[in-house]
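This is query.tsv (TSV, C-alpha atoms).
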```tsv
chain	number	residue	atom	x	y	z
A	136	MET	CA	198.53	313.88	97.86
A	137	ARG	CA	200.93	312.23	95.46
A	138	LEU	CA	204.60	313.18	95.62
A	139	SER	CA	207.01	312.39	92.79
A	140	ARG	CA	210.60	313.13	91.92
A	141	PHE	CA	211.45	315.74	89.29
A	142	GLY	CA	215.22	315.58	88.90
A	143	GLU	CA	216.63	316.85	92.21
A	144	ARG	CA	213.26	318.22	93.32
A	145	VAL	CA	210.16	316.58	94.81
A	146	GLY	CA	206.71	317.83	93.94
A	147	GLY	CA	203.13	316.86	93.44
A	148	CYS	CA	199.41	317.62	93.50
A	149	TYR	CA	197.06	317.30	96.45
A	150	GLY	CA	193.35	317.61	97.12
A	151	ASP	CA	190.32	315.87	95.64
A	152	SER	CA	189.24	318.40	93.02
A	153	GLY	CA	192.03	318.00	90.48
A	154	PRO	CA	195.57	319.32	90.26
A	155	GLY	CA	194.80	322.87	91.35
A	156	ALA	CA	197.05	322.60	94.43
A	157	TRP	CA	200.78	322.01	93.92
A	158	ILE	CA	203.58	321.38	96.39
A	159	GLU	CA	207.31	321.41	95.59
A	160	GLY	CA	210.62	321.41	97.42
A	161	ARG	CA	213.69	319.37	98.33
A	162	VAL	CA	214.36	316.50	100.71
A	163	VAL	CA	217.45	316.61	102.93
A	164	GLU	CA	218.07	313.86	105.52
A	165	GLY	CA	214.43	312.82	105.72
A	166	ARG	CA	213.00	316.35	105.92
A	167	PHE	CA	211.00	317.81	103.04
A	168	ASP	CA	211.01	321.62	103.00
A	169	PHE	CA	208.47	322.90	100.51
A	170	ARG	CA	206.44	325.71	99.04
A	171	TYR	CA	202.78	325.11	98.22
A	172	ARG	CA	200.47	326.90	95.80
A	173	GLU	CA	196.67	326.80	95.72
A	174	PRO	CA	194.27	328.78	93.50
A	175	GLN	CA	193.69	331.40	96.23
A	176	GLU	CA	196.71	330.98	98.52
A	177	SER	CA	200.39	330.05	98.74
A	178	GLY	CA	202.74	329.32	101.60
A	179	GLU	CA	205.50	327.15	103.03
A	180	GLY	CA	206.01	324.17	105.27
A	181	TRP	CA	207.95	321.00	106.05
A	182	PHE	CA	207.38	317.26	106.47
A	183	GLU	CA	209.51	314.74	108.36
A	184	LEU	CA	209.27	311.09	107.37
A	185	SER	CA	208.84	308.38	109.95
A	186	GLU	CA	211.30	305.50	110.10
A	187	GLY	CA	210.55	303.33	107.08
A	188	GLY	CA	208.72	306.16	105.31
A	189	ALA	CA	205.18	304.92	106.06
A	190	SER	CA	203.98	308.29	107.40
A	191	PHE	CA	205.02	311.89	107.96
A	192	THR	CA	204.39	314.73	110.38
A	193	GLY	CA	204.81	318.38	109.55
A	194	ARG	CA	203.60	321.95	109.68
A	195	TRP	CA	202.58	324.66	107.23
A	196	LYS	CA	201.62	328.34	107.15
A	197	ALA	CA	200.25	330.70	104.55
A	198	ASP	CA	202.27	333.63	103.23
A	199	GLY	CA	201.68	336.70	105.38
A	200	SER	CA	200.56	334.67	108.38
A	201	GLU	CA	202.43	333.84	111.59
A	202	GLU	CA	200.14	330.91	112.41
A	203	TRP	CA	201.55	327.41	111.85
A	204	ALA	CA	199.23	324.38	111.55
A	205	ASP	CA	199.82	320.64	111.62
A	206	TRP	CA	199.96	318.60	108.41
A	207	ASP	CA	200.28	314.83	108.87
A	208	GLY	CA	199.86	311.91	106.49
A	209	ASP	CA	200.02	308.14	106.03
A	210	ARG	CA	201.27	306.41	102.91
A	211	SER	CA	198.60	304.62	100.86
A	212	ASP	CA	199.10	301.66	98.55
A	213	ARG	CA	201.28	302.50	95.60
A	214	ALA	CA	199.73	302.37	92.13
A	215	GLU	CA	201.28	300.32	89.37
A	216	LEU	CA	203.64	302.62	87.49
A	217	ALA	CA	203.39	303.30	83.76
A	218	GLU	CA	206.31	302.96	81.36
A	219	ASP	CA	205.43	306.03	79.28
A	220	CYS	CA	203.07	309.00	79.38
A	221	SER	CA	200.18	307.33	77.50
A	222	GLY	CA	196.88	307.41	79.36
A	223	VAL	CA	194.34	309.72	80.96
A	224	TRP	CA	195.46	312.72	83.03
A	225	THR	CA	193.52	315.08	85.29
A	226	THR	CA	194.93	318.54	84.58
A	227	SER	CA	194.48	322.27	85.03
A	228	PHE	CA	192.59	322.29	81.72
A	229	GLY	CA	190.31	319.33	82.18
A	230	THR	CA	190.95	315.75	81.16
A	231	LEU	CA	193.96	315.13	78.93
A	232	ARG	CA	194.44	311.83	77.06
A	233	LEU	CA	197.93	311.20	75.68
A	234	GLU	CA	199.16	308.54	73.25
A	235	GLN	CA	202.92	307.98	72.99
A	236	ASP	CA	204.60	306.31	69.99
A	237	GLY	CA	208.36	306.30	70.50
A	238	SER	CA	209.30	309.89	71.25
A	239	GLN	CA	206.19	311.28	69.49
A	240	VAL	CA	203.22	312.21	71.70
A	241	ARG	CA	199.73	313.23	70.61
A	242	GLY	CA	196.61	313.88	72.62
A	243	SER	CA	193.48	315.88	73.30
A	244	TYR	CA	192.15	317.83	76.27
A	245	SER	CA	188.66	318.85	77.30
A	246	GLN	CA	188.80	322.53	78.28
A	247	PRO	CA	187.83	323.59	75.72
A	248	LEU	CA	186.52	320.34	74.26
A	249	GLY	CA	188.19	319.37	71.01
A	250	SER	CA	191.62	320.80	71.84
A	251	HIS	CA	194.79	318.94	70.84
A	252	VAL	CA	198.45	318.68	71.77
A	253	GLU	CA	201.35	317.31	69.78
A	254	GLY	CA	204.99	317.14	70.75
A	255	GLU	CA	208.21	315.21	71.23
A	256	LEU	CA	209.37	313.62	74.48
A	257	HIS	CA	213.06	313.53	75.41
A	258	ALA	CA	214.01	312.10	78.81
A	259	ASP	CA	211.25	313.47	81.06
A	260	VAL	CA	210.48	316.66	79.10
A	261	LEU	CA	207.71	316.97	76.50
A	262	ARG	CA	207.81	320.01	74.22
A	263	GLY	CA	205.13	320.74	71.67
A	264	VAL	CA	202.26	322.82	70.41
A	265	TYR	CA	198.60	322.97	71.36
A	266	SER	CA	195.58	323.97	69.24
A	267	GLU	CA	192.01	324.78	70.20
A	268	PRO	CA	188.75	324.70	68.21
A	269	ASP	CA	188.55	328.49	67.88
A	270	GLY	CA	191.90	328.60	66.11
A	271	LYS	CA	194.07	329.55	69.09
A	272	ARG	CA	197.51	327.96	69.07
A	273	GLY	CA	200.58	328.08	71.24
A	274	ARG	CA	203.47	326.17	72.77
A	275	PHE	CA	203.82	324.13	75.93
A	276	VAL	CA	206.48	322.25	77.83
A	277	PHE	CA	205.79	319.53	80.42
A	278	GLU	CA	208.24	317.90	82.82
A	279	PHE	CA	207.10	314.43	83.88
A	280	SER	CA	208.05	312.96	87.21
A	281	SER	CA	210.38	309.96	87.15
A	282	ASP	CA	207.47	307.63	88.00
A	283	ARG	CA	205.36	309.08	85.14
A	284	GLU	CA	202.58	309.88	87.63
A	285	GLN	CA	202.58	313.68	87.43
A	286	PHE	CA	203.72	316.56	85.29
A	287	ARG	CA	204.35	320.24	85.79
A	288	GLY	CA	204.66	322.65	82.93
A	289	VAL	CA	203.96	326.01	81.36
A	290	TRP	CA	202.23	327.21	78.20
A	291	ARG	CA	202.02	330.37	76.16
A	292	PRO	CA	199.75	331.39	73.24
A	293	ASP	CA	201.30	332.31	69.91
A	294	ALA	CA	204.79	331.50	71.17
A	295	GLU	CA	207.33	331.38	68.35
A	296	ALA	CA	210.35	330.26	70.37
A	297	PRO	CA	210.30	327.09	72.53
A	298	LEU	CA	209.32	327.65	76.16
A	299	GLU	CA	211.46	326.87	79.17
A	300	LEU	CA	210.22	325.30	82.38
A	301	GLU	CA	211.87	328.11	84.32
A	302	ASP	CA	209.74	330.78	82.59
A	303	GLU	CA	208.01	332.27	85.64
A	304	ASP	CA	205.84	334.59	83.55
A	305	ALA	CA	204.19	331.78	81.59
A	306	PRO	CA	200.89	330.30	82.87
A	307	VAL	CA	201.17	326.97	84.70
A	308	TRP	CA	199.78	323.64	83.46
A	309	LEU	CA	199.68	320.84	86.06
A	310	GLY	CA	198.52	317.24	85.80
A	311	ARG	CA	198.36	313.88	87.52
A	312	ARG	CA	197.62	310.48	86.05
A	313	ALA	CA	194.07	309.17	86.42
A	314	HIS	CA	194.19	305.49	87.35
A	315	PRO	CA	191.30	303.20	86.34
A	316	THR	CA	189.02	302.12	89.16
A	317	PRO	CA	189.34	298.31	89.35
A	318	GLY	CA	186.26	296.57	87.97
A	319	ARG	CA	184.51	299.73	86.79
A	320	LYS	CA	182.85	299.76	83.36
A	321	TRP	CA	181.00	302.55	81.60
A	322	LEU	CA	177.79	302.24	79.61
A	323	VAL	CA	177.29	305.45	77.66
A	324	VAL	CA	173.88	305.75	76.02
A	325	LEU	CA	173.60	308.45	73.35
A	326	GLU	CA	169.96	308.71	72.30
A	327	ALA	CA	168.21	310.64	69.57
A	328	HIS	CA	164.78	312.13	70.22
A	329	TRP	CA	162.13	309.67	69.08
A	330	GLU	CA	159.09	311.98	69.17
A	331	SER	CA	158.28	314.02	66.08
A	332	SER	CA	155.31	315.97	67.52
A	333	LEU	CA	153.60	316.91	70.78
A	334	ALA	CA	150.94	314.31	70.02
A	335	GLU	CA	153.46	311.51	70.64
A	336	PRO	CA	154.10	310.40	74.22
A	337	PRO	CA	157.72	310.59	75.43
A	338	TYR	CA	159.88	307.49	75.15
A	339	SER	CA	163.46	306.68	76.13
A	340	TYR	CA	165.22	303.33	75.92
A	341	GLY	CA	168.21	304.88	77.66
A	342	SER	CA	166.08	305.42	80.77
A	343	ILE	CA	165.23	301.70	80.77
A	344	LEU	CA	168.94	300.83	80.70
A	345	GLU	CA	169.66	303.29	83.49
A	346	LYS	CA	167.08	301.67	85.76
A	347	PHE	CA	168.17	298.15	84.83
A	348	PHE	CA	171.82	298.73	85.79
A	349	GLU	CA	171.14	300.68	89.01
A	350	ARG	CA	171.57	297.44	90.93
A	351	VAL	CA	175.02	296.74	89.40
A	352	PRO	CA	177.62	298.83	91.27
A	353	GLN	CA	180.48	298.20	88.85
A	354	VAL	CA	178.54	299.55	85.85
A	355	GLU	CA	178.34	303.35	85.59
A	356	VAL	CA	175.64	304.53	83.18
A	357	ARG	CA	175.66	307.93	81.47
A	358	HIS	CA	172.58	308.71	79.40
A	359	ARG	CA	172.50	311.77	77.14
A	360	TYR	CA	170.46	312.96	74.15
A	361	PHE	CA	171.96	314.21	70.91
A	362	HIS	CA	170.12	316.68	68.68
A	363	ASP	CA	172.12	316.59	65.45
A	364	ALA	CA	175.44	315.46	63.98
A	365	ALA	CA	177.46	318.21	65.63
A	366	ASP	CA	175.99	317.34	69.03
A	367	PHE	CA	176.72	313.64	68.49
A	368	VAL	CA	180.35	314.39	67.57
A	369	ARG	CA	180.77	316.69	70.57
A	370	GLN	CA	179.50	314.11	73.05
A	371	CYS	CA	181.51	311.26	71.53
A	372	ALA	CA	184.66	313.35	71.99
A	373	GLU	CA	184.21	312.91	75.75
A	374	LEU	CA	184.39	309.09	75.57
A	375	ARG	CA	188.19	309.12	75.51
A	376	GLU	CA	188.25	310.92	78.86
A	377	PHE	CA	187.28	307.76	80.77
A	378	ALA	CA	190.17	305.74	82.16
A	379	GLU	CA	188.06	302.56	82.18
A	380	PRO	CA	186.54	300.57	79.27
A	381	VAL	CA	183.44	302.03	77.60
A	382	THR	CA	180.47	300.38	75.90
A	383	LEU	CA	178.67	302.88	73.67
A	384	TYR	CA	174.98	302.28	72.95
A	385	VAL	CA	173.50	304.48	70.21
A	386	SER	CA	169.71	304.54	70.60
A	387	SER	CA	167.94	305.94	67.53
A	388	HIS	CA	166.02	305.23	64.36
A	389	GLY	CA	168.27	303.70	61.73
A	390	SER	CA	168.49	302.78	58.07
A	391	ARG	CA	171.08	301.47	55.63
A	392	GLU	CA	172.18	305.09	55.15
A	393	GLY	CA	172.97	305.75	58.81
A	394	VAL	CA	171.83	306.86	62.27
A	395	GLY	CA	168.64	308.91	62.36
A	396	SER	CA	168.43	312.17	64.29
A	397	GLY	CA	165.24	314.03	63.45
A	398	ALA	CA	165.40	314.95	59.76
A	399	GLU	CA	169.16	314.36	59.68
A	400	VAL	CA	171.03	311.12	58.95
A	401	LEU	CA	174.51	310.53	60.41
A	402	ASP	CA	176.42	308.47	57.85
A	403	ALA	CA	179.24	306.03	58.61
A	404	GLN	CA	181.97	308.61	58.04
A	405	THR	CA	180.36	311.08	60.46
A	406	VAL	CA	180.02	308.40	63.15
A	407	GLY	CA	183.56	307.14	62.52
A	408	ARG	CA	185.08	310.62	62.82
A	409	ALA	CA	183.19	311.08	66.09
A	410	LEU	CA	184.74	307.88	67.52
A	411	ALA	CA	188.31	308.51	66.33
A	412	GLY	CA	190.79	308.42	69.19
A	413	ALA	CA	188.44	306.63	71.62
A	414	HIS	CA	190.86	303.77	72.30
A	415	ASN	CA	188.96	302.73	75.44
A	416	LEU	CA	185.90	301.53	73.49
A	417	GLN	CA	185.22	297.85	74.10
A	418	LEU	CA	181.97	297.79	72.10
A	419	VAL	CA	179.72	300.03	70.00
A	420	HIS	CA	176.12	298.85	69.69
A	421	PHE	CA	173.49	300.44	67.44
A	422	GLY	CA	169.88	299.96	68.52
A	423	GLY	CA	168.44	301.27	65.24
A	424	CYS	CA	167.04	299.30	62.32
A	425	GLU	CA	169.10	298.01	59.35
A	426	LEU	CA	172.42	299.58	60.39
A	427	LEU	CA	174.28	296.26	60.18
A	428	ALA	CA	172.71	295.28	56.85
A	429	GLY	CA	175.57	296.49	54.66
A	430	ASP	CA	179.11	297.71	55.32
A	431	PHE	CA	178.12	300.51	57.72
A	432	ALA	CA	180.08	298.94	60.60
A	433	GLY	CA	183.21	298.45	58.52
A	434	GLN	CA	183.12	302.03	57.26
A	435	VAL	CA	182.67	303.37	60.81
A	436	ARG	CA	185.66	301.40	62.05
A	437	GLU	CA	187.83	302.33	59.06
A	438	THR	CA	187.09	306.05	59.48
A	439	ALA	CA	187.62	305.89	63.24
A	440	GLY	CA	190.89	303.99	62.89
A	441	GLY	CA	189.85	301.78	65.81
A	442	ALA	CA	189.64	298.06	66.51
A	443	PHE	CA	186.37	297.87	68.46
A	444	PRO	CA	183.54	295.42	67.67
A	445	ILE	CA	180.21	296.82	66.39
A	446	SER	CA	176.82	295.16	66.80
A	447	GLY	CA	173.24	295.87	65.76
A	448	PHE	CA	170.39	294.70	63.52
A	449	GLU	CA	170.32	293.88	59.81
A	450	VAL	CA	166.58	294.45	59.31
A	451	SER	CA	163.75	296.69	60.43
A	452	VAL	CA	163.02	295.27	63.87
A	453	ASP	CA	159.99	294.95	66.10
A	454	TRP	CA	160.28	297.29	69.08
A	455	ALA	CA	159.62	294.66	71.77
A	456	ALA	CA	161.93	292.10	70.15
A	457	SER	CA	164.81	294.57	69.82
A	458	ALA	CA	164.35	295.81	73.41
A	459	ILE	CA	164.52	292.25	74.80
A	460	VAL	CA	167.54	291.40	72.66
A	461	ASP	CA	169.41	294.58	73.58
A	462	LEU	CA	168.73	294.27	77.30
A	463	THR	CA	169.88	290.66	77.34
A	464	TYR	CA	172.98	291.47	75.28
A	465	MET	CA	174.00	294.38	77.53
A	466	HIS	CA	173.50	292.13	80.57
A	467	LEU	CA	175.79	289.44	79.14
A	468	VAL	CA	178.54	291.90	78.19
A	469	LEU	CA	178.50	294.17	81.23
A	470	GLU	CA	177.35	291.90	84.08
A	471	ARG	CA	178.49	288.48	82.93
A	472	ASP	CA	181.81	289.82	81.56
A	473	MET	CA	181.33	288.01	78.27
A	474	THR	CA	183.10	289.17	75.12
A	475	PRO	CA	180.74	290.56	72.45
A	476	ALA	CA	181.39	287.43	70.36
A	477	ASP	CA	180.53	285.07	73.23
A	478	ALA	CA	177.52	287.20	74.20
A	479	THR	CA	176.26	287.09	70.61
A	480	ALA	CA	176.56	283.30	70.49
A	481	ALA	CA	174.77	282.95	73.84
A	482	LEU	CA	172.07	285.40	72.76
A	483	ARG	CA	171.31	283.39	69.62
A	484	ARG	CA	171.09	280.18	71.65
A	485	MET	CA	168.74	281.66	74.25
A	486	LEU	CA	166.51	283.80	72.01
A	487	SER	CA	165.53	282.27	68.69
A	488	PHE	CA	164.23	285.62	67.42
A	489	ALA	CA	167.74	287.09	67.83
A	490	ARG	CA	168.82	284.93	64.88
A	491	GLY	CA	168.18	285.52	61.22
A	492	ASP	CA	166.16	282.42	60.45
A	493	GLU	CA	162.43	282.85	60.00
A	494	GLY	CA	161.43	279.24	60.69
A	495	HIS	CA	160.89	279.48	64.45
A	496	ASP	CA	157.53	279.39	66.20
A	497	ASP	CA	158.00	282.50	68.35
A	498	PRO	CA	155.37	285.25	68.01
A	499	LEU	CA	158.20	287.82	67.78
A	500	PRO	CA	159.77	288.30	64.34
A	501	ALA	CA	163.43	287.56	63.72
A	502	THR	CA	165.70	290.53	64.48
A	503	HIS	CA	168.75	289.39	62.49
A	504	PHE	CA	171.09	290.48	65.30
A	505	SER	CA	174.62	290.82	63.93
A	506	LEU	CA	178.14	291.38	65.22
A	507	SER	CA	180.95	292.89	63.19
A	508	PRO	CA	184.08	291.75	65.08
A	509	ALA	CA	187.05	293.98	65.78
A	510	ASN	CA	189.85	293.96	63.20
```

Translate this file's structure into structure tokens.
Amino acid sequence: MRLSRFGERVGGCYGDSGPGAWIEGRVVEGRFDFRYREPQESGEGWFELSEGGASFTGRWKADGSEEWADWDGDRSDRAELAEDCSGVWTTSFGTLRLEQDGSQVRGSYSQPLGSHVEGELHADVLRGVYSEPDGKRGRFVFEFSSDREQFRGVWRPDAEAPLELEDEDAPVWLGRRAHPTPGRKWLVVLEAHWESSLAEPPYSYGSILEKFFERVPQVEVRHRYFHDAADFVRQCAELREFAEPVTLYVSSHGSREGVGSGAEVLDAQTVGRALAGAHNLQLVHFGGCELLAGDFAGQVRETAGGAFPISGFEVSVDWAASAIVDLTYMHLVLERDMTPADATAALRRMLSFARGDEGHDDPLPATHFSLSPAN
């Protein structure tokens, strides 16, 4: 449970499965009298704080019941508080990522995926409009707690006049801030299907990466396949939902024109639009051939409006050579905590075939590994 102050009231979310349970009331002389609301039940109760506020004891009962039950708690370590509402939120409608610029707030939420909010924040109240992929639109109003850790609000479709928080007939929208897990990093592998017929045996480089990083507890790997451009865009939209930094590895055939997916080619503008708004990206790496030969990386970054580094190969690469280079590179970035620039320099020192010169004696051909640094 996290309790926060909303003006003269105290409220908050509890439970492990998101903000579906809400508690709200007032504190008078160390006693918190409250009402609670869960998806299938509501009721009342009270807490009394211990001296110093490190714990509480209390009781609760459901509406319509005469049975009271104990409800006790101990205070956990307090999280570092945010100055504004920017960040990732766990809400009644999936994950919500907000970006605040002055009083202007924009964001996206995941249920349904591809939905957006836009509004203006004054004091602790955000008023705005939401839009969903199927064309549905409406208004919302959120009230943030004074510590910017939670919000409570309402929404209504096709609302012409601004909503009020006191509108009891409007559906409720609740949220609590998702704090990054210290030390956690995400490796997201989006892989195209390599096989073009039943005669070809199955292959997956993403599965190799999954197995390699199983022994590294701080690295969480998510491996998914994409079938076409629309599927790639849809899955990239979920990257912004992570509160921690993300390394994106795109595993596919490649060419100077773009990322291969069956008979389709995803050009730089398509990839860039897919990555727009993913401000938690620390690196995008392309495992396909020739994608770093021209200005593909620069066009991706310009379209995305981001400042993340992009790495990959400038030439058509030998499978074994590229696999060794990629595995080493991911190890340096994710396990050794090296920046992409430092990892690239180390990679070229350790593996001569990672460089672009052809004068070495290694049996593996040069891969012309390249890094396009962040702007």

Legend entry - Given all atoms listed in the file as the counted atoms, nearest of A:Ser211, A:Ser342, A:Thr382, A:Thr474 to Arg319 (chain A): A:Thr382

Inset, instruction - Can you work out the spacing between CA of Pro500 (chain A) and CA of Asp430 (chain A) in Å, to one decimal? - result: 23.3 Å

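Using all atoms listed in the file, the nearest neighbour of Ala327 (chain A) within the list A:Arg232, A:Arg283, A:Arg166, A:His388 is A:His388.
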
Please give the centre and size of the box around region 395-399 of chain A (axis-aligned, containing every atom listed in the file, 5 Å added per side), with values in Å to one decimal and written as AutoDock Vina command-line options.
```
--center_x 167.2 --center_y 311.9 --center_z 62.0 --size_x 13.9 --size_y 16.0 --size_z 14.6
```

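The coordinates place CA of Ile158 (chain A) at 11.4 Å from CA of Trp195 (chain A).
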
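Straight-line separation from CA of Gly193 (chain A) to CA of Trp157 (chain A): 16.5 Å.
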
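Distances here use all atoms listed in the file; by that measure, the residue among A:Arg291, A:Thr438, A:Gly310, A:Lys196 closest to Tyr149 (chain A) is A:Gly310.
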
Legend entry - Best match for closeness to Leu233 (chain A) among A:Leu344, A:Val381, A:Leu486, A:Leu261, counting all atoms listed in the file: A:Leu261

Legend entry - From A:Arg194, A:His503, A:His328, A:Arg262, residue lying nearest Val240 (chain A) [all atoms listed in the file]: A:Arg262

Legend entry - Shell of 8 Å around Pro154 (chain A), all atoms listed in the file, local chain residues under 6 positions omitted, as a list in words: Cys148, Thr225, Thr226, Ser227, Leu309, Gly310 and Arg311 of chain A

Inset, instruction - May I have the residues within 7 Å of Phe504 (chain A) as a ChimeraX atom specification, using all atoms listed in the file and disregarding those fewer than 2 positions away in the same chain? - result: /A:447-449,489-490,502

Export of the given selection (C-alpha atoms) as a PDB file, in the coordinates of the input:
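Now in selection-v4.pdb:
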```
ATOM      1  CA  GLY A 447     173.240 295.870  65.760  1.00  0.00           C
ATOM      2  CA  PHE A 448     170.390 294.700  63.520  1.00  0.00           C
ATOM      3  CA  GLU A 449     170.320 293.880  59.810  1.00  0.00           C
ATOM      4  CA  ALA A 489     167.740 287.090  67.830  1.00  0.00           C
ATOM      5  CA  ARG A 490     168.820 284.930  64.880  1.00  0.00           C
ATOM      6  CA  THR A 502     165.700 290.530  64.480  1.00  0.00           C
TER       7      THR A 502
END
```

Counting all atoms listed in the file, what is within 10 Å of region 274-276 of chain A, bar same-chain residues fewer than 4 positions away, as a PDB file with C-alpha atoms, in the coordinates of the input?
```
ATOM      1  CA  VAL A 252     198.450 318.680  71.770  1.00  0.00           C
ATOM      2  CA  GLU A 253     201.350 317.310  69.780  1.00  0.00           C
ATOM      3  CA  GLY A 254     204.990 317.140  70.750  1.00  0.00           C
ATOM      4  CA  GLU A 255     208.210 315.210  71.230  1.00  0.00           C
ATOM      5  CA  LEU A 256     209.370 313.620  74.480  1.00  0.00           C
ATOM      6  CA  VAL A 260     210.480 316.660  79.100  1.00  0.00           C
ATOM      7  CA  LEU A 261     207.710 316.970  76.500  1.00  0.00           C
ATOM      8  CA  ARG A 262     207.810 320.010  74.220  1.00  0.00           C
ATOM      9  CA  GLY A 263     205.130 320.740  71.670  1.00  0.00           C
ATOM     10  CA  VAL A 264     202.260 322.820  70.410  1.00  0.00           C
ATOM     11  CA  TYR A 265     198.600 322.970  71.360  1.00  0.00           C
ATOM     12  CA  SER A 266     195.580 323.970  69.240  1.00  0.00           C
ATOM     13  CA  PHE A 286     203.720 316.560  85.290  1.00  0.00           C
ATOM     14  CA  ARG A 287     204.350 320.240  85.790  1.00  0.00           C
ATOM     15  CA  GLY A 288     204.660 322.650  82.930  1.00  0.00           C
ATOM     16  CA  VAL A 289     203.960 326.010  81.360  1.00  0.00           C
ATOM     17  CA  TRP A 290     202.230 327.210  78.200  1.00  0.00           C
ATOM     18  CA  ARG A 291     202.020 330.370  76.160  1.00  0.00           C
ATOM     19  CA  PRO A 292     199.750 331.390  73.240  1.00  0.00           C
ATOM     20  CA  ASP A 293     201.300 332.310  69.910  1.00  0.00           C
ATOM     21  CA  ALA A 294     204.790 331.500  71.170  1.00  0.00           C
ATOM     22  CA  GLU A 295     207.330 331.380  68.350  1.00  0.00           C
ATOM     23  CA  ALA A 296     210.350 330.260  70.370  1.00  0.00           C
ATOM     24  CA  PRO A 297     210.300 327.090  72.530  1.00  0.00           C
ATOM     25  CA  LEU A 298     209.320 327.650  76.160  1.00  0.00           C
ATOM     26  CA  GLU A 299     211.460 326.870  79.170  1.00  0.00           C
ATOM     27  CA  LEU A 300     210.220 325.300  82.380  1.00  0.00           C
ATOM     28  CA  ALA A 305     204.190 331.780  81.590  1.00  0.00           C
ATOM     29  CA  PRO A 306     200.890 330.300  82.870  1.00  0.00           C
ATOM     30  CA  VAL A 307     201.170 326.970  84.700  1.00  0.00           C
ATOM     31  CA  TRP A 308     199.780 323.640  83.460  1.00  0.00           C
TER      32      TRP A 308
END
```

Legend entry - Residue with smallest distance to Ala372 (chain A) - pool A:Gln285, A:Ser280, A:Ser386, A:Ser243, counting only C-alpha atoms: A:Ser243

Inset, instruction - Compute the distance from (202.1, 309.1, 103.0) to each atom, counting only C-alpha atoms, keep the residues with any atom at most 10 Å away, and return them as JSON, numbers by chain; use the coordinates of the file. - result: {"A": [136, 137, 138, 184, 185, 188, 189, 190, 191, 192, 207, 208, 209, 210, 211, 212, 213]}

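For Leu499 (chain A), the residues within 8 Å (counting all atoms listed in the file, excluding itself and residues fewer than 5 positions away along the chain) are Asp453, Ala456 and Phe488 of chain A.
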
Legend entry - All residues 12 Å or closer to Asp363 (chain A), only C-alpha atoms, same chain fewer than 6 positions away omitted, as a PyMOL selection string: chain A and resi 325-328+369-370+387+394-402+405-406

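With all atoms listed in the file taken into account, every residue lying no more than 12 Å from the file point (202.3, 329.5, 98.2) is included here: Ala156, Trp157, Ile158, Glu159, Gly160, Phe169, Arg170, Tyr171, Arg172, Glu173, Pro174, Gln175, Glu176, Ser177, Gly178, Glu179, Gly180, Trp195, Lys196, Ala197, Asp198, Gly199 and Ser200 of chain A.
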
Written file, previous selection with C-alpha atoms, as a CSV table (one decimal), in the frame of the given file:
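Saved result, again.csv, follows:
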```csv
chain,number,residue,atom,x,y,z
A,156,ALA,CA,197.0,322.6,94.4
A,157,TRP,CA,200.8,322.0,93.9
A,158,ILE,CA,203.6,321.4,96.4
A,159,GLU,CA,207.3,321.4,95.6
A,160,GLY,CA,210.6,321.4,97.4
A,169,PHE,CA,208.5,322.9,100.5
A,170,ARG,CA,206.4,325.7,99.0
A,171,TYR,CA,202.8,325.1,98.2
A,172,ARG,CA,200.5,326.9,95.8
A,173,GLU,CA,196.7,326.8,95.7
A,174,PRO,CA,194.3,328.8,93.5
A,175,GLN,CA,193.7,331.4,96.2
A,176,GLU,CA,196.7,331.0,98.5
A,177,SER,CA,200.4,330.0,98.7
A,178,GLY,CA,202.7,329.3,101.6
A,179,GLU,CA,205.5,327.2,103.0
A,180,GLY,CA,206.0,324.2,105.3
A,195,TRP,CA,202.6,324.7,107.2
A,196,LYS,CA,201.6,328.3,107.2
A,197,ALA,CA,200.2,330.7,104.6
A,198,ASP,CA,202.3,333.6,103.2
A,199,GLY,CA,201.7,336.7,105.4
A,200,SER,CA,200.6,334.7,108.4
```

Can I get region 386-393 of chain A with N, CA and C atoms filled in, as a PDB file, in the coordinates of the input?
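Output (selection-v5.pdb):
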```pdb
ATOM      1  N   SER A 386     171.139 304.838  70.621  1.00  0.00           N
ATOM      2  CA  SER A 386     169.710 304.540  70.600  1.00  0.00           C
ATOM      3  C   SER A 386     169.020 305.534  69.668  1.00  0.00           C
ATOM      4  N   SER A 387     168.509 305.030  68.530  1.00  0.00           N
ATOM      5  CA  SER A 387     167.940 305.940  67.530  1.00  0.00           C
ATOM      6  C   SER A 387     167.213 305.127  66.464  1.00  0.00           C
ATOM      7  N   HIS A 388     166.475 305.847  65.602  1.00  0.00           N
ATOM      8  CA  HIS A 388     166.020 305.230  64.360  1.00  0.00           C
ATOM      9  C   HIS A 388     167.257 304.971  63.502  1.00  0.00           C
ATOM     10  N   GLY A 389     167.152 304.006  62.595  1.00  0.00           N
ATOM     11  CA  GLY A 389     168.270 303.700  61.730  1.00  0.00           C
ATOM     12  C   GLY A 389     167.819 303.260  60.355  1.00  0.00           C
ATOM     13  N   SER A 390     168.734 303.264  59.420  1.00  0.00           N
ATOM     14  CA  SER A 390     168.490 302.780  58.070  1.00  0.00           C
ATOM     15  C   SER A 390     169.834 302.355  57.484  1.00  0.00           C
ATOM     16  N   ARG A 391     169.822 301.847  56.273  1.00  0.00           N
ATOM     17  CA  ARG A 391     171.080 301.470  55.630  1.00  0.00           C
ATOM     18  C   ARG A 391     171.981 302.676  55.399  1.00  0.00           C
ATOM     19  N   GLU A 392     171.387 303.875  55.390  1.00  0.00           N
ATOM     20  CA  GLU A 392     172.180 305.090  55.150  1.00  0.00           C
ATOM     21  C   GLU A 392     172.878 305.591  56.408  1.00  0.00           C
ATOM     22  N   GLY A 393     172.309 305.285  57.607  1.00  0.00           N
ATOM     23  CA  GLY A 393     172.970 305.750  58.810  1.00  0.00           C
ATOM     24  C   GLY A 393     172.031 305.935  59.979  1.00  0.00           C
TER      25      GLY A 393
END
```
